[in-house]
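File shown here: input.pdb, holding PDB, C-alpha atoms and all ligand atoms.
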```pdb
ATOM      1  CA  MET A  30      21.897  54.819 -48.627  1.00  0.00           C
ATOM      2  CA  HIS A  31      20.700  51.233 -48.971  1.00  0.00           C
ATOM      3  CA  ARG A  32      17.082  50.244 -48.734  1.00  0.00           C
ATOM      4  CA  LEU A  33      15.191  46.965 -48.997  1.00  0.00           C
ATOM      5  CA  TYR A  34      11.494  46.903 -49.944  1.00  0.00           C
ATOM      6  CA  GLU A  35       9.575  43.662 -49.670  1.00  0.00           C
ATOM      7  CA  ASN A  36       6.150  42.309 -50.449  1.00  0.00           C
ATOM      8  CA  GLU A  37       4.975  38.694 -50.293  1.00  0.00           C
ATOM      9  CA  ASP A  38       6.598  37.834 -53.625  1.00  0.00           C
ATOM     10  CA  ILE A  39       9.722  39.899 -54.181  1.00  0.00           C
ATOM     11  CA  SER A  40      12.409  41.996 -52.525  1.00  0.00           C
ATOM     12  CA  VAL A  41      13.622  45.195 -54.197  1.00  0.00           C
ATOM     13  CA  PHE A  42      17.058  46.629 -53.368  1.00  0.00           C
ATOM     14  CA  TRP A  43      17.925  50.299 -53.859  1.00  0.00           C
ATOM     15  CA  ASP A  44      21.432  51.752 -53.609  1.00  0.00           C
ATOM     16  CA  SER A  45      21.198  55.551 -53.729  1.00  0.00           C
ATOM     17  CA  GLU A  46      24.877  55.981 -54.579  1.00  0.00           C
ATOM     18  CA  LYS A  47      24.379  54.195 -57.903  1.00  0.00           C
ATOM     19  CA  CYS A  48      21.172  56.033 -58.844  1.00  0.00           C
ATOM     20  CA  ARG A  49      21.595  58.363 -61.828  1.00  0.00           C
ATOM     21  CA  HIS A  50      18.072  59.780 -61.439  1.00  0.00           C
ATOM     22  CA  GLU A  51      17.052  58.862 -64.968  1.00  0.00           C
ATOM     23  CA  LYS A  52      13.560  58.000 -63.674  1.00  0.00           C
ATOM     24  CA  LYS A  53      13.054  54.916 -65.804  1.00  0.00           C
ATOM     25  CA  CYS A  54      11.552  53.328 -62.704  1.00  0.00           C
ATOM     26  CA  VAL A  55       9.165  56.267 -62.259  1.00  0.00           C
ATOM     27  CA  THR A  56       7.913  56.174 -65.830  1.00  0.00           C
ATOM     28  CA  GLY A  57       7.780  52.355 -65.870  1.00  0.00           C
ATOM     29  CA  CYS A  58       5.760  52.007 -62.682  1.00  0.00           C
ATOM     30  CA  PRO A  59       4.639  55.343 -61.191  1.00  0.00           C
ATOM     31  CA  GLU A  60       2.443  53.599 -58.606  1.00  0.00           C
ATOM     32  CA  ALA A  61       5.497  52.070 -56.912  1.00  0.00           C
ATOM     33  CA  PHE A  62       8.161  54.707 -57.660  1.00  0.00           C
ATOM     34  CA  ASP A  63       7.155  58.272 -56.824  1.00  0.00           C
ATOM     35  CA  ILE A  64       9.892  60.760 -56.000  1.00  0.00           C
ATOM     36  CA  THR A  65       7.389  63.215 -54.478  1.00  0.00           C
ATOM     37  CA  ARG A  66       6.549  60.710 -51.737  1.00  0.00           C
ATOM     38  CA  ARG A  67       8.474  59.474 -48.664  1.00  0.00           C
ATOM     39  CA  PRO A  68       9.422  56.720 -48.767  1.00  0.00           C
ATOM     40  CA  TRP A  69       9.591  57.148 -52.525  1.00  0.00           C
ATOM     41  CA  ILE A  70       9.340  53.404 -53.178  1.00  0.00           C
ATOM     42  CA  ASN A  71       6.241  51.421 -52.199  1.00  0.00           C
ATOM     43  CA  ILE A  72       6.096  48.107 -54.019  1.00  0.00           C
ATOM     44  CA  ASN A  73       2.745  47.227 -52.466  1.00  0.00           C
ATOM     45  CA  ASP A  74       1.049  49.909 -54.570  1.00  0.00           C
ATOM     46  CA  ALA A  75       1.506  48.070 -57.890  1.00  0.00           C
ATOM     47  CA  PRO A  76       1.316  44.526 -59.301  1.00  0.00           C
ATOM     48  CA  THR A  77       4.525  42.589 -58.706  1.00  0.00           C
ATOM     49  CA  ASP A  78       5.144  41.942 -62.412  1.00  0.00           C
ATOM     50  CA  LYS A  79       4.938  45.676 -63.168  1.00  0.00           C
ATOM     51  CA  VAL A  80       7.410  46.473 -60.368  1.00  0.00           C
ATOM     52  CA  TRP A  81       9.736  43.735 -61.626  1.00  0.00           C
ATOM     53  CA  GLN A  82       9.634  45.117 -65.176  1.00  0.00           C
ATOM     54  CA  ALA A  83      10.429  48.647 -63.996  1.00  0.00           C
ATOM     55  CA  VAL A  84      13.306  47.450 -61.812  1.00  0.00           C
ATOM     56  CA  SER A  85      14.761  45.451 -64.686  1.00  0.00           C
ATOM     57  CA  LYS A  86      14.960  48.643 -66.773  1.00  0.00           C
ATOM     58  CA  CYS A  87      17.069  50.564 -64.238  1.00  0.00           C
ATOM     59  CA  PRO A  88      20.178  51.472 -66.252  1.00  0.00           C
ATOM     60  CA  SER A  89      22.534  52.071 -63.338  1.00  0.00           C
ATOM     61  CA  GLY A  90      22.079  48.952 -61.221  1.00  0.00           C
ATOM     62  CA  ALA A  91      20.749  51.112 -58.378  1.00  0.00           C
ATOM     63  CA  LEU A  92      17.616  48.957 -58.357  1.00  0.00           C
ATOM     64  CA  SER A  93      17.615  45.176 -58.380  1.00  0.00           C
ATOM     65  CA  CYS A  94      15.181  42.524 -57.209  1.00  0.00           C
ATOM     66  CA  VAL A  95      14.826  38.849 -56.356  1.00  0.00           C
ATOM     67  CA  TYR A  96      11.930  36.501 -55.678  1.00  0.00           C
ATOM     68  CA  ASN A  97      11.429  35.711 -51.997  1.00  0.00           C
ATOM     69  CA  HIS A  98      10.837  31.949 -52.409  1.00  0.00           C
ATOM     70  CA  PHE A  99       8.789  32.028 -49.179  1.00  0.00           C
ATOM     71  CA  ILE A 100      11.944  32.879 -47.180  1.00  0.00           C
ATOM     72  CA  ARG A 101      11.379  35.427 -44.398  1.00  0.00           C
ATOM     73  CA  ILE A 102      14.135  37.822 -43.309  1.00  0.00           C
ATOM     74  CA  MET A 103      14.050  39.149 -39.753  1.00  0.00           C
ATOM     75  CA  PHE A 104      16.222  41.762 -38.053  1.00  0.00           C
ATOM     76  CA  GLU A 105      17.088  40.429 -34.578  1.00  0.00           C
ATOM     77  CA  ALA A 106      18.742  43.248 -32.642  1.00  0.00           C
ATOM     78  CA  ASP A 107      19.330  41.221 -29.478  1.00  0.00           C
ATOM     79  CA  ALA A 108      21.311  38.637 -31.434  1.00  0.00           C
ATOM     80  CA  HIS A 109      23.106  41.311 -33.491  1.00  0.00           C
ATOM     81  CA  ARG A 110      22.044  39.722 -36.749  1.00  0.00           C
ATOM     82  CA  SER A 111      19.554  39.439 -39.537  1.00  0.00           C
ATOM     83  CA  ALA A 112      18.193  35.942 -39.977  1.00  0.00           C
ATOM     84  CA  ALA A 113      16.529  34.021 -42.807  1.00  0.00           C
ATOM     85  CA  TYR A 114      13.806  31.499 -42.092  1.00  0.00           C
ATOM     86  CA  SER A 115      12.153  28.812 -44.169  1.00  0.00           C
ATOM     87  CA  GLY A 116       9.062  28.201 -42.083  1.00  0.00           C
ATOM     88  CA  GLU A 117      10.504  28.108 -38.564  1.00  0.00           C
ATOM     89  CA  ILE A 118      13.923  26.807 -39.645  1.00  0.00           C
ATOM     90  CA  LEU A 119      16.912  29.143 -39.601  1.00  0.00           C
ATOM     91  CA  ILE A 120      18.619  28.845 -42.985  1.00  0.00           C
ATOM     92  CA  GLY A 121      20.940  31.867 -43.004  1.00  0.00           C
ATOM     93  CA  GLU A 122      22.253  34.823 -41.065  1.00  0.00           C
ATOM     94  CA  CYS A 123      24.291  37.996 -41.302  1.00  0.00           C
ATOM     95  CA  ASP A 124      26.129  38.818 -38.066  1.00  0.00           C
ATOM     96  CA  TYR A 125      27.564  42.111 -36.886  1.00  0.00           C
ATOM     97  CA  GLU A 126      29.191  43.566 -33.801  1.00  0.00           C
ATOM     98  CA  GLU A 127      29.058  47.128 -32.595  1.00  0.00           C
ATOM     99  CA  SER A 128      32.332  49.024 -32.358  1.00  0.00           C
ATOM    100  CA  GLU A 129      33.264  52.665 -31.836  1.00  0.00           C
ATOM    101  CA  GLU A 130      33.668  53.027 -35.611  1.00  0.00           C
ATOM    102  CA  GLY A 131      30.291  51.489 -36.466  1.00  0.00           C
ATOM    103  CA  TRP A 132      28.667  48.114 -37.075  1.00  0.00           C
ATOM    104  CA  VAL A 133      31.167  45.523 -38.269  1.00  0.00           C
ATOM    105  CA  ILE A 134      29.594  42.810 -40.443  1.00  0.00           C
ATOM    106  CA  TYR A 135      31.895  39.827 -39.870  1.00  0.00           C
ATOM    107  CA  HIS A 136      29.894  36.843 -41.123  1.00  0.00           C
ATOM    108  CA  THR A 137      27.232  36.117 -43.732  1.00  0.00           C
ATOM    109  CA  GLU A 138      26.155  32.574 -44.491  1.00  0.00           C
ATOM    110  CA  VAL A 139      23.202  30.805 -46.136  1.00  0.00           C
ATOM    111  CA  ASP A 140      22.508  27.060 -46.150  1.00  0.00           C
ATOM    112  CA  PRO A 141      23.872  25.865 -49.539  1.00  0.00           C
ATOM    113  CA  ALA A 142      20.522  24.164 -50.226  1.00  0.00           C
ATOM    114  CA  PHE A 143      19.054  27.682 -50.560  1.00  0.00           C
ATOM    115  CA  SER A 144      21.854  29.301 -52.569  1.00  0.00           C
ATOM    116  CA  GLY A 145      21.207  31.328 -55.721  1.00  0.00           C
ATOM    117  CA  LYS A 146      18.024  32.957 -54.372  1.00  0.00           C
ATOM    118  CA  GLY A 147      19.471  36.317 -53.293  1.00  0.00           C
ATOM    119  CA  ILE A 148      18.998  35.486 -49.599  1.00  0.00           C
ATOM    120  CA  ALA A 149      22.489  36.613 -48.560  1.00  0.00           C
ATOM    121  CA  LYS A 150      21.955  39.984 -50.239  1.00  0.00           C
ATOM    122  CA  ARG A 151      18.623  40.400 -48.437  1.00  0.00           C
ATOM    123  CA  LEU A 152      20.381  39.578 -45.144  1.00  0.00           C
ATOM    124  CA  VAL A 153      23.157  42.129 -45.719  1.00  0.00           C
ATOM    125  CA  TYR A 154      20.734  44.868 -46.831  1.00  0.00           C
ATOM    126  CA  THR A 155      18.578  44.267 -43.759  1.00  0.00           C
ATOM    127  CA  VAL A 156      21.539  44.930 -41.429  1.00  0.00           C
ATOM    128  CA  VAL A 157      22.829  47.876 -43.469  1.00  0.00           C
ATOM    129  CA  GLN A 158      19.402  49.505 -43.635  1.00  0.00           C
ATOM    130  CA  GLU A 159      19.002  49.208 -39.869  1.00  0.00           C
ATOM    131  CA  ALA A 160      22.484  50.625 -39.272  1.00  0.00           C
ATOM    132  CA  GLU A 161      21.814  53.588 -41.567  1.00  0.00           C
ATOM    133  CA  ARG A 162      18.486  54.307 -39.911  1.00  0.00           C
ATOM    134  CA  ASN A 163      20.326  54.440 -36.571  1.00  0.00           C
ATOM    135  CA  LYS A 164      23.064  56.650 -38.058  1.00  0.00           C
ATOM    136  CA  ASN A 165      25.732  54.005 -37.698  1.00  0.00           C
ATOM    137  CA  ARG A 166      28.496  53.418 -40.201  1.00  0.00           C
ATOM    138  CA  ILE A 167      28.855  49.932 -41.701  1.00  0.00           C
ATOM    139  CA  ILE A 168      32.252  48.247 -41.816  1.00  0.00           C
ATOM    140  CA  PRO A 169      32.042  45.104 -43.982  1.00  0.00           C
ATOM    141  CA  SER A 170      34.827  42.815 -42.807  1.00  0.00           C
ATOM    142  CA  CYS A 171      33.025  39.783 -44.263  1.00  0.00           C
ATOM    143  CA  SER A 172      34.009  39.416 -47.931  1.00  0.00           C
ATOM    144  CA  TYR A 173      30.446  38.814 -49.126  1.00  0.00           C
ATOM    145  CA  ALA A 174      29.117  41.970 -47.463  1.00  0.00           C
ATOM    146  CA  ALA A 175      32.047  43.925 -48.923  1.00  0.00           C
ATOM    147  CA  LYS A 176      31.122  42.648 -52.376  1.00  0.00           C
ATOM    148  CA  VAL A 177      27.432  43.563 -51.987  1.00  0.00           C
ATOM    149  CA  LEU A 178      28.321  47.057 -50.775  1.00  0.00           C
ATOM    150  CA  GLY A 179      31.245  47.588 -53.153  1.00  0.00           C
TER     151      GLY A 179
HETATM  152  S1  LIG B   1      15.682  53.855 -62.966  1.00  0.00           S
HETATM  153 FE1  LIG B   1      17.433  53.425 -61.587  1.00  0.00          FE
HETATM  154  S2  LIG B   1      18.876  55.076 -62.008  1.00  0.00           S
HETATM  155 FE2  LIG B   1      16.888  55.726 -62.797  1.00  0.00          FE
HETATM  156  S3  LIG B   1      15.919  56.901 -61.130  1.00  0.00           S
HETATM  157 FE3  LIG B   1      15.214  54.780 -60.971  1.00  0.00          FE
HETATM  158  S4  LIG B   1      16.664  53.874 -59.526  1.00  0.00           S
HETATM  159 FE4  LIG B   1      17.641  55.725 -60.257  1.00  0.00          FE
END
```

How does the structure come out when it is put into structure tokens?
Ligand code: SF4
Amino acid sequence: MHRLYENEDISVFWDSEKCRHEKKCVTGCPEAFDITRRPWININDAPTDKVWQAVSKCPSGALSCVYNHFIRIMFEADAHRSAAYSGEILIGECDYEESEEGWVIYHTEVDPAFSGKGIAKRLVYTVVQEAERNKNRIIPSCSYAAKVLG
């Protein structure tokens, strides 16, 4: 399972398959990480710097985070994509098509002027999260998505 949690400042990624349940996140920031709650992560319940510190101590790589840099990510079902916006300007997208086997991610691209900010990963996670919530399998034919999900 892949999940993306966002507040105004940061985006937190969680990959359940990598989680070793060592609970360093829970002890580091119990306000945001509470395994008795659903969803168990709520990054709006704690200061951003405390969430960031707890994420950085995750030993397995199941948790990771990036700053948002004022870039908004939207899931646009009609266009079969997630899209990144700086203000009203489209600066990146992750495209998929529906097949009998699942959702095929075939293209992920971010304007090079915005590279190095984790935007492509946010785009891929947004599509994957939506697919998983709708019980669809993800098939990453785009090399970047395959790397993120590998
Ligand atoms: S610190 Fe990382 S490995 Fe440990 S429970 Fe939290 S997410 Fe899982």

Residues within 10 Å of (22.4, 54.3, -45.4), counting only C-alpha atoms, listed as number ranges by chain = A: 30-32, 44-46, 154, 157-167

Pick out the residues sitting within 10 Å of A:Val80, and hand them over as JSON, numbers by chain; count only C-alpha atoms, and ignore anything fewer than 3 positions along from it in its own chain.
-> {"A": [39, 41, 54, 57, 58, 59, 60, 61, 62, 71, 72, 73, 74, 75, 76, 77, 83, 84, 85, 94]}

Exactly which residues make up the result of the PyMOL selection byres (((not hetatm)) within 6 of (chain B and resi 1)) on this file, given as an mmCIF file with C-alpha atoms, keeping the file's coordinate frame?
```
data_model
loop_
_atom_site.group_PDB
_atom_site.id
_atom_site.type_symbol
_atom_site.label_atom_id
_atom_site.label_comp_id
_atom_site.auth_asym_id
_atom_site.auth_seq_id
_atom_site.Cartn_x
_atom_site.Cartn_y
_atom_site.Cartn_z
ATOM 1 C CA CYS A 48 21.172 56.033 -58.844
ATOM 2 C CA ARG A 49 21.595 58.363 -61.828
ATOM 3 C CA HIS A 50 18.072 59.780 -61.439
ATOM 4 C CA GLU A 51 17.052 58.862 -64.968
ATOM 5 C CA LYS A 52 13.560 58.000 -63.674
ATOM 6 C CA LYS A 53 13.054 54.916 -65.804
ATOM 7 C CA CYS A 54 11.552 53.328 -62.704
ATOM 8 C CA CYS A 87 17.069 50.564 -64.238
ATOM 9 C CA PRO A 88 20.178 51.472 -66.252
ATOM 10 C CA SER A 89 22.534 52.071 -63.338
ATOM 11 C CA ALA A 91 20.749 51.112 -58.378
ATOM 12 C CA LEU A 92 17.616 48.957 -58.357
#
```

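Atom CA of A:Ser40 is found 18.6 Å from atom CA of A:Arg110.
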
Find the residues near A:Val177: any atom within 12 Å, counting all atoms listed in the file, skip ones fewer than 6 places away on the same chain, and give them as JSON, numbers by chain.
-> {"A": [31, 42, 43, 44, 90, 91, 93, 134, 137, 147, 148, 149, 150, 151, 152, 153, 154, 157, 169, 170, 171]}

Atom pair atom CA of A:Lys47 / atom CA of A:Ile64: separation (Å) | 16.0 Å

Padding 3 Å on every side, please: axis-aligned box over the listed atoms of stretch 155-170 of chain A, centre and edge lengths to one decimal in Å, as JSON.
```
{"center_x": 26.7, "center_y": 49.7, "center_z": -40.3, "size_x": 22.3, "size_y": 19.8, "size_z": 13.4}
```

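For the atom pair formed by atom CA of A:Gly145 and atom CA of A:Glu122, the distance is 15.1 Å, given to one decimal.
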
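Residues matched by the PyMOL selection byres (((chain A and resi 108) around 12) and not hetatm) in this file: Met103, Phe104, Glu105, Ala106, Asp107, His109, Arg110, Ser111, Ala112, Glu122, Cys123, Asp124, Tyr125, Glu126, Glu127 and Val156 of chain A.
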
Store the residues picked out above, limited to C-alpha atoms, as a JSON list (two decimals), in the frame of the given file.
```json
[["chain", "number", "residue", "atom", "x", "y", "z"],
["A", 103, "MET", "CA", 14.05, 39.15, -39.75],
["A", 104, "PHE", "CA", 16.22, 41.76, -38.05],
["A", 105, "GLU", "CA", 17.09, 40.43, -34.58],
["A", 106, "ALA", "CA", 18.74, 43.25, -32.64],
["A", 107, "ASP", "CA", 19.33, 41.22, -29.48],
["A", 109, "HIS", "CA", 23.11, 41.31, -33.49],
["A", 110, "ARG", "CA", 22.04, 39.72, -36.75],
["A", 111, "SER", "CA", 19.55, 39.44, -39.54],
["A", 112, "ALA", "CA", 18.19, 35.94, -39.98],
["A", 122, "GLU", "CA", 22.25, 34.82, -41.06],
["A", 123, "CYS", "CA", 24.29, 38.00, -41.30],
["A", 124, "ASP", "CA", 26.13, 38.82, -38.07],
["A", 125, "TYR", "CA", 27.56, 42.11, -36.89],
["A", 126, "GLU", "CA", 29.19, 43.57, -33.80],
["A", 127, "GLU", "CA", 29.06, 47.13, -32.60],
["A", 156, "VAL", "CA", 21.54, 44.93, -41.43]]
```

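What the PyMOL selection byres (((chain A and resi 97) around 9) and not hetatm) grabs from this file is Glu35, Asn36, Glu37, Asp38, Ile39, Ser40, Val95, Tyr96, His98, Phe99, Ile100, Arg101, Lys146, Gly147 and Ile148 of chain A.
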